[in-house]
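Note sheet for the following structure.
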4 protein chains.
Amino acid sequence: MVARLVDSLGSTPGMAALFSDESILGAMLAFEVGLARAEAKLGIIPPAAVAAIEKVAHAELYDASEIAAASLRAGAVPIPFVKALTERVRNSDPAAAGFVHWGATSQDVADTAMILVLKQARDLLRADLMRLETALFQLSERHAGTVMLSRTLLQAAVPTTFGLKVAGWLGAVKRGRARLAGAFEEALVLQFGGAGGTLASLGDKGATVGEALAKEFSLGYPEAPWHTHRDRMATLMSMLGVLTASLGKMARDISLLMLNEVGEVAEPVAKGRGGSSAMPHKQNPVGCTLTLAAAYRVPGLVNTYLTSMLQEHERSAGGWQSEWPTISSILQSAAVAASAMAEVAEGLTVDANRMRANLDATRGTIYAERATIVLGEKLGRDVAFALVERAVGESASTGKHLVDVLAGMPEVCRALDAAALQNLRSPESYLGMAEVFRRSLTGSQPMRQQGPRNQGGREA
Amino acid sequence: MVARLVDSLGSTPGMAALFSDESILGAMLAFEVGLARAEAKLGIIPPAAVAAIEKVAHAELYDASEIAAASLRAGAVPIPFVKALTERVRNSDPAAAGFVHWGATSQDVADTAMILVLKQARDLLRADLMRLETALFQLSERHAGTVMLSRTLLQAAVPTTFGLKVAGWLGAVKRGRARLAGAFEEALVLQFGGAGGTLASLGDKGATVGEALAKEFSLGYPEAPWHTHRDRMATLMSMLGVLTASLGKMARDISLLMLNEVGEVAEPVAKGRGGSSAMPHKQNPVGCTLTLAAAYRVPGLVNTYLTSMLQEHERSAGGWQSEWPTISSILQSAAVAASAMAEVAEGLTVDANRMRANLDATRGTIYAERATIVLGEKLGRDVAFALVERAVGESASTGKHLVDVLAGMPEVCRALDAAALQNLRSPESYLGMAEVFRRSLTGSQPMRQQGPRNQGGREA
Amino acid sequence: MVARLVDSLGSTPGMAALFSDESILGAMLAFEVGLARAEAKLGIIPPAAVAAIEKVAHAELYDASEIAAASLRAGAVPIPFVKALTERVRNSDPAAAGFVHWGATSQDVADTAMILVLKQARDLLRADLMRLETALFQLSERHAGTVMLSRTLLQAAVPTTFGLKVAGWLGAVKRGRARLAGAFEEALVLQFGGAGGTLASLGDKGATVGEALAKEFSLGYPEAPWHTHRDRMATLMSMLGVLTASLGKMARDISLLMLNEVGEVAEPVAKGRGGSSAMPHKQNPVGCTLTLAAAYRVPGLVNTYLTSMLQEHERSAGGWQSEWPTISSILQSAAVAASAMAEVAEGLTVDANRMRANLDATRGTIYAERATIVLGEKLGRDVAFALVERAVGESASTGKHLVDVLAGMPEVCRALDAAALQNLRSPESYLGMAEVFRRSLTGSQPMRQQGPRNQGGREA
Amino acid sequence: MVARLVDSLGSTPGMAALFSDESILGAMLAFEVGLARAEAKLGIIPPAAVAAIEKVAHAELYDASEIAAASLRAGAVPIPFVKALTERVRNSDPAAAGFVHWGATSQDVADTAMILVLKQARDLLRADLMRLETALFQLSERHAGTVMLSRTLLQAAVPTTFGLKVAGWLGAVKRGRARLAGAFEEALVLQFGGAGGTLASLGDKGATVGEALAKEFSLGYPEAPWHTHRDRMATLMSMLGVLTASLGKMARDISLLMLNEVGEVAEPVAKGRGGSSAMPHKQNPVGCTLTLAAAYRVPGLVNTYLTSMLQEHERSAGGWQSEWPTISSILQSAAVAASAMAEVAEGLTVDANRMRANLDATRGTIYAERATIVLGEKLGRDVAFALVERAVGESASTGKHLVDVLAGMPEVCRALDAAALQNLRSPESYLGMAEVFRRSLTGSQPMRQQGPRNQGGREA
């Protein structure tokens, strides 16, 4: 168990509820009810058994602590769960007790219950991602013309726009959501194979029951039970890992832009949000912090999932049993990251003046490449390179703006007139494809024509 | 560097060649040649420069050790590489030297070179996967009726067929290959953004150059440069992780079936394959061993890739630089697993008699569930369960077959005639949906109708 | 949050209680009380404040859900916790409220609280490890002479003893416990540094308060606060990782020896332990399963801990915040593995006859190496090798015992008399150093003299 | 294989040489020579065999590519290696060929060879760590009084000193080196167990040979062979992981302090170091970048090592075979991080003025906590808190220094005289224990008295 306080930063209230004891119990009960219904319709078990099962299929009738304790002895949750359910059925209808869990195995109920939980988790996550995309789209549109420094290896590079930076985040989120939609669609399939994956105890009706059950839950019906073939779930976990990492990259960027000395953006301020227990003046990047914490945790959890996939024969000893906490933590981590970034994006304060001031504070060194090109067209690249190199050195030692230094060099003045020199110091005229790329990423204009294919999966 | 001997079990010859110094140099040279060609066509650089660059674009002209050593100082491979290329160009055509790498940044050449290598890797991997699928299909068809034990938690469960077991492996490989095809298609896009991701030094021609370049290499052209947005590559790495784990599951199963005491299958025997330096009698599961070793390594590498995705701003300090060895090891690991499993599947020896003998050695305890069902139809489930429980206990203490014990119980004989009793001990009549599922997985018959969707991506 | 049912296989009741909300709240309250006491003694805060704080320092007065929910907004548990505590103090003594948490920062209370929990966890874990060591020692002594197959790459190798096999497990557990004792000792140090790690708000009394506080809790007092230097904790997490993996290796071995076809050992049988919801005859390796599940999970968690160590400046945004669930899961996983293996070792059933039968079933091929040596002394190694190779082939094709085949070869009979030939088939006379190594590992006799040093840390 | 160019940022020249084919071959040859010598001395093999083996024990006589290719077939490097060695011995002395590798198994030569390589790696690594510690010590001493901002959650907190910050890095490196020394000492033990870990083919002389062999190599002699008990090596890998993460934390800090907008420190400048292929003005944090890249990679590799520890019985199928590239990459990563950070620390430029300017730029908000305390002593904490809160608000809206705002408030002026007010803005008088902690960490003065124990392992 990972207690609420221990993991208070690692989930959203909605996602925590989905992975709670009540929710898991509810999903397992839903499986057993669905199974009984399907089997009764096909004449495999008596209709009366369905009513008896339905009657006690309420999570609040069960003691999660007791079932959890017995699970540790049994090595699987469904064993004491089915026992507890059967007892309650027997109390009201002894004859029905014999038809509980008919033809199913522990893994059928456990896996399908988790799938049913994941189906709900998909909707929660998608809602936060949609909020995030909307906020990022608007932010990018609003700042299409806001000039700022690009930074490579944490050092000032050349000008870019905040609109493009935001569009980069948006592009990754959109691709991530599309992949996730595909992965959920693939993974949300029924588990139903009986003791050894052959449904033998249902004779020749196994597949018919399975199909009915899948329909009952609006789940896909797979080619066969997937007891020890966990690749669909692993794909889903991986895609959650990729998405969370993309959100982490966004959080990393924002937290760096929030440094006091940079001060280009700020997370929204609200009561109870991001303060310090010792320092009244602090305004911490709490949304970024939650997201980064999630992004640090998820790769190890994806790893665990992949590691536990080497499951032996028809049911694993250890691999399968390690999955639930891993799946639960991955989903909740992704959710907290999506939710935190949505809130951050919706309320982000952007200081365009500070962006410009930080750009200007580089005193033109960021135009060295550009000056070389412009001068090179007149003087040849080698001559130009040597001149600019000299100018960069002088700018560094004197603190003068690079363009001012260049303007003081006779060779430069002979090649470029005053207007051309002044243009050199305008970041707006050195943005290249920034707006083209921004629109392509946001889709705010018709997308650029593309190569064979470069977008993953389908839209969620 | 991970030397050949250190990693001799971790690659195939073909894949090792793809990730060799020569191949990487060749791919970087291809980028620079392609760039020059595209820029010359668009009138950005003089046509003569192209010829000068092409002339020295031969990997054997470069000293990989020297470039590697300088890379460690520079913090990036492309810096000394571009310098070495420029020097060679200058030697033959000084004027052309100024046009090398025009408008590009280090990450453009490094990333696109890796993409070009991955494009070749895709084909190598696909070929081995196709071999594997063919072998598994044939194996499954051949053993559609070969009865064996299913095993859960490493203990005998109920009968199944070897054909279904193989079909389960095949299904996972097919899904893995389909996902991989999608992930490669998404990831194989050009990287071209210049210093800060805006292509500013190319003025308004950046995107035109980029499109031409993508076309030259038959790569997709992305919405925008993806310098610090690594989700496409991360998806590819994850899908390689999922596939390798599926291969590892197959290797785990086969290695367990090869235990002397189980002896149901054996890897192919060949000179120099799977012996021991100390024990002449050993015939080791060498293909499974290579595959399992790969499957142990890949999750940690996928993890590393996800971890390094939190890349700062427009170029990362550390994240990006950690990627090449990770990518290289993941591809080679997946390749060695695919190749080893293909060889194993093609030459697997199957001992159907031993499968039957192991099944029979359980003395009918695997039919306890079945006996309960059959008797339950006549006597009610509770009476049946109590009878079978007693019989299981007697079978365990006396060593008699469960059906023989049941045949000695008057209550049972009254309920079931001799034929029904005998039928109880026939595994062939307790296979349920095994053949249905097998065909559905192998596609040897029209696939079962399915729910919303349960197969990932497209066929490779 | 990871709910009880979701993680029911991942903890022991005792360890789950230690990491519960109540326990965490209790530890944070203990920190605040201890701090107030130390500061009051040194005249920093008024003595009356201590009483007021003590009065409300009861976990049951706080609502963990409420604090958890507020933590998600605040980005840290201590912020709402200190607020809730202060409110309760203010209700009873408004003047005292100003002295709550005096001079401390969020991380001081959070880290020290976790350290106090870990101190208790150490004792729980040690108790199970001692139980395990005792059981393994006795098992090894009992089976010092029980001959069985050694197996390499899952294939029969040469004879060994079960006593040595068990001693190997014991040696790893002993080394693991010793390392853990050292790692706990190093990690159990106070965290106390105030807002920026200088304790500036306590003027020149910071270190004096810290020393008093460490004494109060019987914790070590470190050279300095370790807010973003997590190496001590990381070492502890890693050593838990190594120990859990050693337990996992033991579980792997036992689960393989329990295969129906091998049948050499069995986990203890008890009501509610290791059954199946579908198959009444199953007796699953439930202790091994729990341990393997733990061993699959821990490496990814250790990885997460190491990954989150790159903590910025004086307090991290993300790294630190990711730790609690990771630490909690590692401790609980190690505990469930230690406890499960202790129970398995204490009740393990060993079938020495089956061990011998499995050895005999190899029909002497495991003596091929030995025969080569013995014959080589008489005939020269090359001649011997050729003879044995021929004999191995004949044994394989005819099913005859290797020694019987050799006995039928004139060249062999000329070299070896009947007694020497018969001795060849005795595993007891081909055990080499098995008993010497066993005693050295168990310490059942004076340890062998050793090189520079080969045992980690101190005894727990 | 991971080619030089692919991993050019992931190793130092010295460490790469240690893990090269030549070095590995040399170590395996050393094992075989040492074994022959020990066995000849004990009369187990003829003395002439030693000379014959020594004669061909030169790495340059072997073709690493050929052995690597055959290893992939054999599933282990030693099998073709021993074959190649035996052939060369046979060519010069046919009789001696039969005594090559006498009594040893593949894993004996492979593991001991790796241990011999690790022994050399220890010295390389220690040398860089000593360089680093010396540089950090001097840097800390030099900047004992250099005041700067502490930063929590990437936001300005309270004043600290650069000397303390550096001492924090130093403390972690010292602890890391001490733990590493212990882990190396524990891990550097001989591997020698023969086919099944009993040395049976050496009769009663196994342990005597083993002891002689350990002595020959100056390695520890373990209680028993450790073929599938990898905990010693895992501990070493983990401690390398912890150390690399500590170096990564230092690199993270330095790279953040190097941001243009922060500008407090700079990596040393040198030709070929840290430039850009596109931007002449760039001076990148190349040492930090290499270190961060290493720190991103190592956790996943440690994870892999822990994952592969679940090795079956007496030799694993997969776990053991996955180790070499993992070990090799961990060592090289740790080495490149240690070396890069040593170079950075030795040449770090520190801009104390900029540190002061950044601190001053917070306009006194970092003294809010302090003002509350000082005023609280005169006015009561509640009154003080309200006043300071008002002042912080006014400072934020007007841009005035917090102390200037306070100086304009009559209530404040009545409580504090001008000198007390001015003192409020002096960071030097708000450093608390900074110097005490610094000295304790660096040991530049007698260490503070400590609790039970807080430093891991022994000094290297």
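Following the order of the structure tokens, chains are lettered A, B, ..., residues in each are numbered from 1, and ligands are numbered from 1.
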
### Non-local contacts of A:Ala396 (10 Å; only C-alpha atoms; under 3 positions in same chain excluded) as a list in words
Thr362, Arg363, Thr365, Ala391, Val392, Gly393, Gly399, Lys400, His401 and Leu402 of chain A; His281 of chain D

Each chain B residue no farther than 7 Å from chain D, nearest pair in Å, only C-alpha atoms, as a tab-separated table:
residue	atom	partner	partner_atom	distance
B:Met1	CA	D:Arg4	CA	5.1
B:Val2	CA	D:Val2	CA	4.8
B:Ala3	CA	D:Ser20	CA	5.3
B:Arg4	CA	D:Met1	CA	5.1
B:Leu5	CA	D:Ala68	CA	5.3
B:Val6	CA	D:Trp324	CA	5.5
B:Asp7	CA	D:Met1	CA	5.2
B:Ser8	CA	D:Ala68	CA	5.0
B:Leu9	CA	D:Leu72	CA	5.0
B:Ser11	CA	D:Met1	CA	6.7
B:Ala16	CA	D:Met1	CA	6.2
B:Phe19	CA	D:Ala3	CA	6.8
B:Ser20	CA	D:Ala3	CA	5.3
B:Asp21	CA	D:Leu5	CA	5.7
B:Ala64	CA	D:Leu5	CA	6.5
B:Ser65	CA	D:Arg4	CA	6.9
B:Ala68	CA	D:Ser8	CA	5.0
B:Ala69	CA	D:Ser8	CA	6.9
B:Ser71	CA	D:Ser8	CA	6.3
B:Leu72	CA	D:Leu9	CA	5.0
B:Arg73	CA	D:Arg273	CA	4.9
B:Ala74	CA	D:Arg273	CA	4.5
B:Gly75	CA	D:Val286	CA	5.3
B:Ile79	CA	D:Ser277	CA	5.3
B:Ala104	CA	D:Ala278	CA	6.9
B:Thr105	CA	D:Ala278	CA	5.3
B:Ser106	CA	D:Ser277	CA	5.8
B:Ala195	CA	D:Ala278	CA	5.8
B:Gly272	CA	D:Ala74	CA	5.5
B:Arg273	CA	D:Ala74	CA	4.5
B:Gly274	CA	D:Ala74	CA	4.8
B:Gly275	CA	D:Ala74	CA	6.3
B:Ser276	CA	D:Ile79	CA	6.8
B:Ser277	CA	D:Ile79	CA	5.4
B:Ala278	CA	D:Thr105	CA	5.3
B:Met279	CA	D:Ala195	CA	6.9
B:Val286	CA	D:Gly75	CA	5.3
B:Thr289	CA	D:Gly318	CA	4.5
B:Leu290	CA	D:Gly318	CA	6.2
B:Leu292	CA	D:Gly318	CA	4.7
B:Ala293	CA	D:Gly318	CA	4.0
B:Ala294	CA	D:Ser322	CA	6.8
B:Tyr296	CA	D:Ser308	CA	6.0
B:Arg297	CA	D:Thr304	CA	5.6
B:Gly300	CA	D:Gly300	CA	4.3
B:Leu301	CA	D:Gly300	CA	5.9
B:Asn303	CA	D:Gly300	CA	6.0
B:Thr304	CA	D:Gly300	CA	5.3
B:Thr307	CA	D:Tyr296	CA	6.7
B:Ser308	CA	D:Tyr296	CA	6.0
B:Ala317	CA	D:Thr289	CA	4.7
B:Gly318	CA	D:Ala293	CA	4.0
B:Gly319	CA	D:Ala293	CA	5.8
B:Gln321	CA	D:Ala293	CA	5.7
B:Ser322	CA	D:Ala293	CA	4.6
B:Trp324	CA	D:Val6	CA	5.5
B:Pro325	CA	D:Asp7	CA	5.4
B:Ser328	CA	D:Val2	CA	6.7
B:Ser329	CA	D:Val2	CA	6.9

### Task
Would you mind writing down, as a VMD selection string, each residue of stretch 202-418 of chain A that DSSP on the backbone assigns to helix (DSSP H, G or I)?
chain A and resid 202 to 216 231 to 257 286 to 307 320 to 347 352 to 360 365 to 379 381 to 398 402 to 407 410 to 415 418

### Message
Env of A:Asn353: 9 Å cut, atoms = only C-alpha atoms, seq-sep filter 4 positions within chain, self excluded. Answer as number ranges by chain.
### Response
A: 264, 357-358
